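Source file: structure26.tsv. Holds: TSV, C-alpha atoms.
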chain	number	residue	atom	x	y	z
A	1	MET	CA	0.00	0.00	0.00
A	2	SER	CA	1.19	3.47	-0.70
A	3	VAL	CA	-0.05	6.88	0.26
A	4	LYS	CA	-0.43	8.82	-2.94
A	5	LYS	CA	0.83	12.40	-2.81
A	6	ALA	CA	-0.68	15.19	-4.83
A	7	ALA	CA	2.53	17.18	-5.00
A	8	ALA	CA	6.16	16.28	-4.53
A	9	GLY	CA	8.71	18.50	-2.88
A	10	PRO	CA	9.91	19.47	0.55
A	11	ARG	CA	7.56	18.79	3.43
A	12	LYS	CA	5.98	21.69	5.20
A	13	ARG	CA	6.87	22.24	8.86
A	14	TRP	CA	3.38	21.36	10.05
A	15	GLU	CA	3.69	17.88	8.52
A	16	ASP	CA	6.39	16.99	11.05
A	17	ALA	CA	3.81	17.42	13.83
A	18	ALA	CA	1.11	15.32	12.16
A	19	ALA	CA	-0.26	12.49	14.29
A	20	CYS	CA	0.02	10.08	11.34
A	21	ARG	CA	3.78	10.60	10.83
A	22	ASP	CA	6.41	8.21	12.07
A	23	SER	CA	9.98	9.13	13.02
A	24	SER	CA	11.22	8.69	9.43
A	25	GLY	CA	8.69	11.23	8.13
A	26	GLY	CA	6.47	8.60	6.51
A	27	SER	CA	2.97	7.66	7.50
A	28	ALA	CA	2.89	5.14	10.30
A	29	TYR	CA	-0.76	4.51	9.42
A	30	ALA	CA	-0.62	4.65	5.60
A	31	GLU	CA	-3.07	1.77	5.20
A	32	TRP	CA	-5.77	3.76	6.99
A	33	PHE	CA	-5.74	6.77	4.68
A	34	SER	CA	-6.20	5.33	1.20
A	35	GLU	CA	-7.76	2.35	-0.52
A	36	PRO	CA	-5.34	-0.55	-1.01
A	37	ASP	CA	-3.59	-0.49	-4.39
A	38	GLY	CA	-5.15	-2.89	-6.88
A	39	VAL	CA	-7.71	-4.25	-4.42
A	40	ARG	CA	-11.42	-3.47	-4.29
A	41	GLU	CA	-12.45	-2.93	-0.67
A	42	THR	CA	-15.74	-4.09	0.71
A	43	ASP	CA	-17.97	-1.32	2.03
A	44	ALA	CA	-17.47	-2.62	5.57
A	45	ALA	CA	-13.66	-2.65	5.21
A	46	ARG	CA	-13.68	0.89	3.77
A	47	GLU	CA	-15.90	2.19	6.57
A	48	MET	CA	-13.68	0.61	9.21
A	49	ARG	CA	-10.51	2.01	7.58
A	50	GLU	CA	-12.02	5.48	7.28
A	51	ARG	CA	-13.21	5.45	10.91
A	52	ALA	CA	-9.68	4.57	12.07
A	53	ALA	CA	-8.11	7.35	9.97
A	54	LYS	CA	-10.65	9.96	11.07
A	55	SER	CA	-10.17	8.97	14.70
A	56	LEU	CA	-6.44	9.65	14.40
A	57	CYS	CA	-7.15	12.93	12.58
A	58	ARG	CA	-9.42	14.12	15.40
A	59	SER	CA	-6.48	14.02	17.80
A	60	CYS	CA	-4.01	15.63	15.38
A	61	PRO	CA	-2.60	19.03	16.36
A	62	VAL	CA	-2.24	20.09	12.70
A	63	ARG	CA	-5.55	18.81	11.33
A	64	ARG	CA	-6.60	22.20	9.99
A	65	ASP	CA	-3.27	22.72	8.19
A	66	CYS	CA	-3.59	19.26	6.65
A	67	LEU	CA	-7.13	19.99	5.47
A	68	VAL	CA	-6.11	23.33	3.95
A	69	ALA	CA	-3.23	21.63	2.11
A	70	ALA	CA	-5.53	18.87	0.84
A	71	LEU	CA	-8.00	21.44	-0.48
A	72	GLU	CA	-5.26	23.56	-2.09
A	73	GLU	CA	-3.59	20.51	-3.66
A	74	ARG	CA	-6.95	18.99	-4.66
A	75	ASP	CA	-5.88	15.63	-3.21
A	76	GLU	CA	-8.12	13.02	-4.84
A	77	HIS	CA	-6.70	9.93	-3.19
A	78	THR	CA	-6.53	10.04	0.59
A	79	ILE	CA	-8.22	11.02	3.80
A	80	ARG	CA	-6.64	14.27	4.93
A	81	GLY	CA	-7.60	16.74	7.59
A	82	GLY	CA	-10.17	14.26	8.83
A	83	LEU	CA	-12.21	14.28	5.61
A	84	THR	CA	-12.53	11.84	2.74
A	85	VAL	CA	-12.17	12.93	-0.89
A	86	GLU	CA	-15.97	12.99	-1.23
A	87	GLU	CA	-16.38	15.07	1.94
A	88	ARG	CA	-13.80	17.59	0.73
A	89	ARG	CA	-15.59	17.82	-2.64
A	90	ALA	CA	-18.87	18.54	-0.85
A	91	LEU	CA	-17.17	21.16	1.32
A	92	ARG	CA	-15.71	22.83	-1.77
A	93	ARG	CA	-19.11	22.80	-3.54
A	94	LYS	CA	-20.78	24.30	-0.47
A	95	ALA	CA	-18.14	27.02	-0.23
A	96	ASN	CA	-18.46	27.81	-3.94
A	97	ARG	CA	-22.25	27.93	-3.73
A	98	THR	CA	-22.11	30.17	-0.69
A	99	ALA	CA	-19.65	32.50	-2.44
A	100	ALA	CA	-21.89	32.57	-5.53
A	101	GLU	CA	-24.93	33.36	-3.40
A	102	VAL	CA	-23.07	36.20	-1.70
A	103	ALA	CA	-21.91	37.59	-5.05
A	104	LYS	CA	-25.44	37.40	-6.45
A	105	ALA	CA	-26.83	39.33	-3.49
A	106	ALA	CA	-24.21	42.08	-3.81
Kindly return the structure encoded in the file as C-alpha cells.
Amino acid sequence: MSVKKAAAGPRKRWEDAAACRDSSGGSAYAEWFSEPDGVRETDAAREMRERAAKSLCRSCPVRRDCLVAALEERDEHTIRGGLTVEERRALRRKANRTAAEVAKAA
C-alpha cells in the first residue's frame, strides 16, 4: 500500500507534527488513509478504515493545516484533515455555492 501524494517537494513544517507521521517522516498509518492499491475494498472494510483514519485525525494538532493543504492541492486519493475525498468535494461545492450566493446578493 502506498499513500499517494498530490505534490512532490519538501515537506511543510506542520507535517512533522502530524499524528500520522512516524519518526522517518512517513505515514505510520498509511493503510488507513487510502484504498489498497489494486484491491477493491468491501464497504465494511472501507468504513472501518475510514473510521480509524478519522479517529487519528481528530487528535491531530495540525488537522486544519492538513485539510487546507488537501484542499489547495486537490488531493483526490486520501483522507486528509479528517475528511474523505468525497467530503472535501462537498465542502468545496458548499463554499463555492455560498460564495456565488453572496456575489449574487451584492
(request) Using CA of Arg63 in chain A and CA of Arg46 in chain A as the two end points, give the distance in Å to one decimal. (result)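 CA of Arg46 in chain A lies 21.1 Å from CA of Arg63 in chain A.
Atom pair CA of Glu76 in chain A / CA of Glu101 in chain A has a distance of 26.4 Å (rounded to one decimal).
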(message) Would you compute the distance between CA of Cys60 in chain A and CA of Ala18 in chain A? Give it in Å to one decimal.
(response)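 These atoms are spaced 6.1 Å apart.
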(message) I need the residue nearest Ala17 in chain A from this list: A:Asp43, A:Glu50, A:Asp65, A:Glu31. Use only C-alpha atoms for the distance.
(response)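 Nearest candidate to Ala17 in chain A out of A:Asp43, A:Glu50, A:Asp65, A:Glu31: A:Asp65.
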(request) Could you tell me which of A:Ala30, A:Cys20, A:Val85, A:Val39 comes closest to Ser59 in chain A if we count only C-alpha atoms? (result) A:Cys20
(message) I'd like the neighbourhood of Cys66 in chain A as a list in words, where a residue qualifies if any of its atoms comes within 7 Å (using all atoms listed in the file), though same-chain residues fewer than 4 positions away should be ignored.
(response)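 So, after excluding close chain neighbours, the residues are Val62, Ala70, Arg80 and Gly81 of chain A.
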(request) Determine the nearest neighbour of Leu67 in chain A from the options A:Thr84, A:Ser27, A:Asn96, A:Ser34, counting all atoms listed in the file. (result)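 For Leu67 in chain A, the nearest of the candidates is A:Thr84.
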(message) When you count only C-alpha atoms, which of these residues is closest to Gly82 in chain A: A:Ala52, A:Ala28, A:Ala44, A:Ala106?
(response)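 Among the listed residues, A:Ala52 lies closest to Gly82 in chain A.
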(request) Find, counting all atoms listed in the file, the residue in A:Thr78, A:Leu83, A:Asp16, A:Arg51 that gets nearest to Arg64 in chain A. (result) A:Leu83
(message) Nearest residue to Glu35 in chain A out of A:Cys57, A:Ala95, A:Val102, A:Met48, using only C-alpha atoms?
(response)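 Smallest distance to Glu35 in chain A is found for A:Met48.
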